Amino acid sequence: MTDVQVAPPDVTNYLTHDPSTWQYKDDLIDRWKARAFQQRPGGETPCCGYEEEANNWGGSSILMGVRAGPVRVIRATWGADSSTNNVRTEYFYRDEFRTDDYLRVHPVPPADGIYSQWDFNAGKVSTYYNAYKSNGVPADGKNDEVFGKDGDPVPVVGPIDTGTPGTHEGNCGNTPLEKACIDNDVDAPDPTFSGPLGTLSYEEVSGKNGTWIDRTTLKQVTGGAAYGLVTVPYYRDDSCFDDGTGDNPGPHVNPRATDPTVDSLGQPRACWQPSDGDPSLAQPPDHFYQGDIATHGVHIELIADSDNAFTTVPLDEIDAEQTVVLLPGEHGNVGEQYGRGPEKPLVATAVPTTPQFP
């Protein structure tokens, strides 16, 4: 998904009207992103390399079908590269959408696991909230976490060596000892920012173009539910961090590879900041790095197995649901009101009625 627009607070787009007359505010998101084995191109994870949603997962999935009715639209896809039997179903309603993901995949080692996240457009959202940052933090492309990032001094690549510390600074070498290292940006959650490990809170991003509240929860209890113990929040607000896909603040120009440090006119590329204004007006268009703006989601640190041992029974698949609620206009922290739906399902209520006689 690469575009989400919300109608202004004082506008109603009627189904009976010509769709060309419908009004919406600016697009909120850069795109939904997914990563396996490492966060960005340019690193080196010995077993597996780098996979992302555009050229790997999306390029190898197929559309199973779409059903549209007066209440909702349902879309389902099958497959995601080596996760051959993965099924993803999306339900679109007027004010929210839900995504059910039945993750069925081979073992994923703890080099950096799997990520699923939403990246937002620079300047189109202004504040990020969660249950532990109830007053919010600016969505300005500057890191807000106390720790958990490796402090890349240079955009695009700033690798951290783990596995064989001290053998080679900056990247993995070619000697037998050096080949054992992991040259990667290994992300760790900051419990002072996202809460205690093992918990997934609601998350909210808001601005004048609309408000987005999301929550990820368990959909079905299987053996794979145990991976909740190694599933942690992911957050990155860093306009210098190019993770390999997307086009905002600037486009990533080299698919599955690191980008150049100069733009198409030969000038040094820059990290976007709010004082730069709307990055879509930049000249040349690739002047800004493809950075992360209020990017958040989940990080599954490792998977021993979730493909149900090739059976048709849900033995150990990881079944999760994400609910996204969209509100017109800018709001403060409304996560407690709109982000707890999965915890508080609708219940039947009996109320007295007054008999009506003809």
# chains A, B, ... in the order shown; residues from 1 in each chain; ligands from 1
>>> select_by_dssp(residues="stretch 86-308 of chain A", states="strand (DSSP E)", output="count of residues only")
71
>>> residues_around(residues="stretch 248-259 of chain A", least_positions_apart="6", cutoff="9 Å", atoms="only C-alpha atoms", output="MDAnalysis selection string")
chainID A and resid 29:30 40:42 50:52 54:55 119:123 156:157 239 242 271:272 278:280 282 285:293
>>> write_last_selection(atoms="C-alpha atoms", output="mmCIF file, in the first residue's frame")
data_model
loop_
_atom_site.group_PDB
_atom_site.id
_atom_site.type_symbol
_atom_site.label_atom_id
_atom_site.label_comp_id
_atom_site.auth_asym_id
_atom_site.auth_seq_id
_atom_site.Cartn_x
_atom_site.Cartn_y
_atom_site.Cartn_z
ATOM 1 C CA ILE A 29 2.029 7.416 4.040
ATOM 2 C CA ASP A 30 5.118 6.745 1.996
ATOM 3 C CA ARG A 40 18.489 -1.952 4.644
ATOM 4 C CA PRO A 41 20.607 -2.864 1.620
ATOM 5 C CA GLY A 42 24.364 -2.716 1.877
ATOM 6 C CA TYR A 50 18.319 -8.657 2.249
ATOM 7 C CA GLU A 51 14.646 -8.915 1.316
ATOM 8 C CA GLU A 52 11.971 -6.223 1.077
ATOM 9 C CA ALA A 54 8.653 -4.364 -3.338
ATOM 10 C CA ASN A 55 11.113 -6.577 -5.206
ATOM 11 C CA ASP A 119 6.567 4.755 6.817
ATOM 12 C CA PHE A 120 4.945 8.210 6.641
ATOM 13 C CA ASN A 121 5.377 11.190 4.344
ATOM 14 C CA ALA A 122 7.606 14.033 5.499
ATOM 15 C CA GLY A 123 5.696 17.164 6.428
ATOM 16 C CA VAL A 156 22.334 4.918 3.808
ATOM 17 C CA VAL A 157 25.144 2.825 5.285
ATOM 18 C CA SER A 239 15.359 11.164 7.634
ATOM 19 C CA ASP A 242 17.483 4.908 3.759
ATOM 20 C CA CYS A 271 18.641 14.565 4.998
ATOM 21 C CA TRP A 272 15.221 16.251 5.015
ATOM 22 C CA ASP A 278 7.457 19.916 1.140
ATOM 23 C CA PRO A 279 10.126 17.476 -0.135
ATOM 24 C CA SER A 280 8.086 16.712 -3.269
ATOM 25 C CA ALA A 282 12.750 19.591 -4.237
ATOM 26 C CA PRO A 285 13.588 15.142 -7.127
ATOM 27 C CA ASP A 286 16.312 12.865 -5.719
ATOM 28 C CA HIS A 287 17.996 15.602 -3.682
ATOM 29 C CA PHE A 288 16.792 14.154 -0.362
ATOM 30 C CA TYR A 289 17.643 10.701 0.890
ATOM 31 C CA GLN A 290 14.818 8.195 1.228
ATOM 32 C CA GLY A 291 14.432 8.457 4.992
ATOM 33 C CA ASP A 292 12.140 7.099 7.683
ATOM 34 C CA ILE A 293 9.462 9.438 9.080
#
>>> residues_around(residues="A:Ala68", least_positions_apart="4", cutoff="12 Å", atoms="only C-alpha atoms", output="PDB file with N, CA and C atoms, in the first residue's frame")
ATOM      1  N   ARG A  72     -18.025  -3.356   3.074  1.00  0.00           N
ATOM      2  CA  ARG A  72     -16.577  -3.468   3.057  1.00  0.00           C
ATOM      3  C   ARG A  72     -16.087  -4.042   1.742  1.00  0.00           C
ATOM      4  N   VAL A  73     -14.777  -3.909   1.531  1.00  0.00           N
ATOM      5  CA  VAL A  73     -14.083  -4.531   0.406  1.00  0.00           C
ATOM      6  C   VAL A  73     -13.035  -5.468   0.991  1.00  0.00           C
ATOM      7  N   ILE A  74     -12.949  -6.684   0.454  1.00  0.00           N
ATOM      8  CA  ILE A  74     -12.003  -7.684   0.952  1.00  0.00           C
ATOM      9  C   ILE A  74     -11.022  -8.018  -0.167  1.00  0.00           C
ATOM     10  N   ARG A  75      -9.742  -8.038   0.179  1.00  0.00           N
ATOM     11  CA  ARG A  75      -8.706  -8.393  -0.793  1.00  0.00           C
ATOM     12  C   ARG A  75      -7.756  -9.396  -0.146  1.00  0.00           C
ATOM     13  N   GLU A  90      -6.998  -8.372   3.563  1.00  0.00           N
ATOM     14  CA  GLU A  90      -7.275  -6.998   3.993  1.00  0.00           C
ATOM     15  C   GLU A  90      -8.768  -6.721   3.895  1.00  0.00           C
ATOM     16  N   TYR A  91      -9.300  -6.042   4.917  1.00  0.00           N
ATOM     17  CA  TYR A  91     -10.714  -5.684   4.983  1.00  0.00           C
ATOM     18  C   TYR A  91     -10.807  -4.158   5.078  1.00  0.00           C
ATOM     19  N   PHE A  92     -11.419  -3.533   4.085  1.00  0.00           N
ATOM     20  CA  PHE A  92     -11.500  -2.077   4.037  1.00  0.00           C
ATOM     21  C   PHE A  92     -12.926  -1.620   4.356  1.00  0.00           C
ATOM     22  N   TYR A  93     -13.058  -0.825   5.418  1.00  0.00           N
ATOM     23  CA  TYR A  93     -14.326  -0.233   5.814  1.00  0.00           C
ATOM     24  C   TYR A  93     -14.261   1.277   5.586  1.00  0.00           C
TER      25      TYR A  93
END
>>> select_by_dssp(residues="stretch 18-264 of chain A", states="alpha helix (DSSP H)", output="list of chain:residue names")
A:Pro191, A:Thr192, A:Phe193, A:Ser194
>>> closest_residue(among="A:Pro19, A:Gly69, A:Gly210, A:Gly79", to="A:Trp57", atoms="only C-alpha atoms")
A:Gly79
>>> residues_around(residues="A:Gly329", least_positions_apart="3", cutoff="7 Å", atoms="only C-alpha atoms", output="ChimeraX atom specification")
/A:8-9,207-211
>>> write_last_selection(atoms="N, CA and C atoms", output="PDB file, in the first residue's frame")
ATOM      1  N   PRO A   8     -11.329  15.831   4.460  1.00  0.00           N
ATOM      2  CA  PRO A   8     -11.283  16.905   5.459  1.00  0.00           C
ATOM      3  C   PRO A   8     -12.432  16.767   6.458  1.00  0.00           C
ATOM      4  N   PRO A   9     -12.288  17.343   7.654  1.00  0.00           N
ATOM      5  CA  PRO A   9     -13.319  17.192   8.689  1.00  0.00           C
ATOM      6  C   PRO A   9     -14.702  17.678   8.283  1.00  0.00           C
ATOM      7  N   GLY A 207      -1.697  14.755  12.123  1.00  0.00           N
ATOM      8  CA  GLY A 207      -1.310  16.019  11.512  1.00  0.00           C
ATOM      9  C   GLY A 207      -2.518  16.627  10.828  1.00  0.00           C
ATOM     10  N   LYS A 208      -2.325  17.745  10.167  1.00  0.00           N
ATOM     11  CA  LYS A 208      -3.446  18.460   9.558  1.00  0.00           C
ATOM     12  C   LYS A 208      -4.116  17.670   8.432  1.00  0.00           C
ATOM     13  N   ASN A 209      -3.417  16.652   7.909  1.00  0.00           N
ATOM     14  CA  ASN A 209      -3.986  15.860   6.814  1.00  0.00           C
ATOM     15  C   ASN A 209      -4.771  14.643   7.292  1.00  0.00           C
ATOM     16  N   GLY A 210      -4.806  14.423   8.602  1.00  0.00           N
ATOM     17  CA  GLY A 210      -5.567  13.300   9.129  1.00  0.00           C
ATOM     18  C   GLY A 210      -4.845  12.616  10.273  1.00  0.00           C
ATOM     19  N   THR A 211      -5.546  11.702  10.919  1.00  0.00           N
ATOM     20  CA  THR A 211      -5.008  10.979  12.071  1.00  0.00           C
ATOM     21  C   THR A 211      -5.110   9.481  11.826  1.00  0.00           C
TER      22      THR A 211
END
>>> atom_distance(atom1="atom CA of A:Ile114", atom2="atom CA of A:Asp319")
14.5 Å
>>> residues_around(residues="stretch 125-138 of chain A", least_positions_apart="2", cutoff="10 Å", atoms="only C-alpha atoms", output="ChimeraX atom specification")
/A:26-29,120-123,140-144,191-196,200-214,237,274,293-296,330-336,339
>>> closest_residue(among="A:His17, A:Arg94, A:Arg269, A:Lys124", to="A:Val325", atoms="only C-alpha atoms")
A:Arg94
>>> atom_distance(atom1="atom CA of A:Glu317", atom2="atom CA of A:Gly113")
15.7 Å
